[in-house]
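Report on the structure given below.
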Amino acid sequence: MDINVRTQVQQSEINGLYNEMEQIKNQRKNLKESIDKKEEKIISHILKHGNVLAYKDNVPHVLTVKNGQTTKFDKSSLANDLGVTVSELDYVGVAEFVENKKLTSQKLNEYYYQEPKQTLKARKAKKSDIELILGGK
């Protein structure tokens, strides 16, 4: 009987830990969405009005927008061309298509494309930056 009680306590503890873990995952997802929205708003403001000055721990930082590119893979087009679902195109699925000679690395490279991406950058402000942004002395 002692073993049964201990097993139920362990099971209950694991269940509690699992539920806590899932709650933390949801919180992390919500925080990420919130951060992304705020970052988009800052980027939009900078693009319209120019660089801004922000303080972090009482130290001035210049916020700028950096234009870059990110490489994306068009999985849905590949799935359409191969006549399969997108979910079948995991690493194992792609490897099977390569083994069966239905797909080559050259053909696979055709589905990669570049997409523009704007990122927020912050750096410590110099005196000249502060004067420029605030309409210096």
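Starting from 1 in every chain, residues are counted up; chains themselves are A, B, ... following the order of the structure tokens, and ligands are numbered from 1 as listed.
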Do you know which residues are at most 8 Å from Lys117 of chain A counting only C-alpha atoms, after dropping those on the same chain fewer than 5 positions away, and could you put them as a compact mmCIF listing (two decimals) with N, CA, C and O atoms, in the first residue's frame?
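Contents of around_33.txt, freshly written:
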# COMPACT_ATOMS: atom_id res chain seq x y z
N ASN A 67 18.24 47.69 -41.90
CA ASN A 67 17.62 46.92 -42.98
C ASN A 67 18.51 45.74 -43.29
O ASN A 67 19.72 45.88 -43.44
N GLY A 68 17.90 44.60 -43.38
CA GLY A 68 18.65 43.39 -43.70
C GLY A 68 17.78 42.46 -44.50
O GLY A 68 16.72 42.83 -44.99
N GLN A 69 18.25 41.25 -44.63
CA GLN A 69 17.49 40.23 -45.35
C GLN A 69 17.55 38.94 -44.57
O GLN A 69 18.51 38.66 -43.86
N THR A 70 16.50 38.18 -44.71
CA THR A 70 16.45 36.86 -44.10
C THR A 70 16.14 35.85 -45.19
O THR A 70 15.41 36.16 -46.14
If you run DSSP on the backbone here, which positions in chain A get strand (DSSP E or B)? Please write them as a PyMOL selection string. chain A and resi 52-56+59-73+112-124
Tell me, counting only C-alpha atoms, for each residue of segment 11-92 of chain A within 6 Å of segment 120-134 of chain A, which pair of atoms is nearest and how far apart they are in Å to one decimal, in rows ordered by chain and increasing number, as CSV.
residue,atom,partner,partner_atom,distance
A:Pro60,CA,A:Ala125,CA,5.5
A:His61,CA,A:Lys124,CA,4.3
A:Val62,CA,A:Ala125,CA,5.3
A:Leu63,CA,A:Ala122,CA,4.6
A:Thr64,CA,A:Lys121,CA,5.2
A:Val65,CA,A:Leu120,CA,4.8
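Closest approach to Pro116 of chain A among A:Gly50, A:Gly135, A:Val98, A:Lys72 is made by A:Lys72 (distances from only C-alpha atoms).
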If we count only C-alpha atoms and set the cut-off at 12 Å, which residues sit around Asp81 of chain A, ignoring sequence neighbours fewer than 4 positions away in its own chain? Please answer as an MDAnalysis selection string. chainID A and resid 74:77 85:86 89 102:103 107:108 110:111
With C-alpha atoms retained, write the just-selected residues as a PDB file, in the first residue's frame.
ATOM      1  CA  ASP A  74       8.936  28.094 -49.614  1.00  0.00           C
ATOM      2  CA  LYS A  75       7.792  24.738 -48.280  1.00  0.00           C
ATOM      3  CA  SER A  76       4.248  25.045 -49.656  1.00  0.00           C
ATOM      4  CA  SER A  77       5.450  25.503 -53.251  1.00  0.00           C
ATOM      5  CA  THR A  85       1.306  17.815 -48.014  1.00  0.00           C
ATOM      6  CA  VAL A  86       3.510  20.333 -46.239  1.00  0.00           C
ATOM      7  CA  LEU A  89       8.251  17.673 -45.892  1.00  0.00           C
ATOM      8  CA  LYS A 102      12.574  12.988 -57.118  1.00  0.00           C
ATOM      9  CA  LEU A 103      14.481  15.939 -55.699  1.00  0.00           C
ATOM     10  CA  LYS A 107      16.084  21.862 -57.278  1.00  0.00           C
ATOM     11  CA  LEU A 108      15.810  22.346 -53.506  1.00  0.00           C
ATOM     12  CA  GLU A 110      15.208  27.032 -56.067  1.00  0.00           C
ATOM     13  CA  TYR A 111      12.742  27.190 -53.163  1.00  0.00           C
TER      14      TYR A 111
END
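Between Gln114 of chain A and the candidates A:Phe73, A:Phe97, A:Ser87, A:Ala79, the tightest atom-to-atom separation, counting only C-alpha atoms, involves A:Phe73.
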If you run DSSP on the backbone here, which positions in chain A get alpha helix (DSSP H)? Please write them as a ChimeraX atom specification. /A:2-49,75-82,91-99,105-109,127-134
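Interatomic distance, atom CA of Gln118 of chain A against atom CA of Lys48 of chain A: 13.7 Å.
The interatomic distance for the pair atom CA of Tyr113 of chain A and atom CA of Lys66 of chain A works out to 19.6 Å.
Picture a line from atom CA of Tyr112 of chain A to atom CA of Glu99 of chain A; it runs 20.5 Å.
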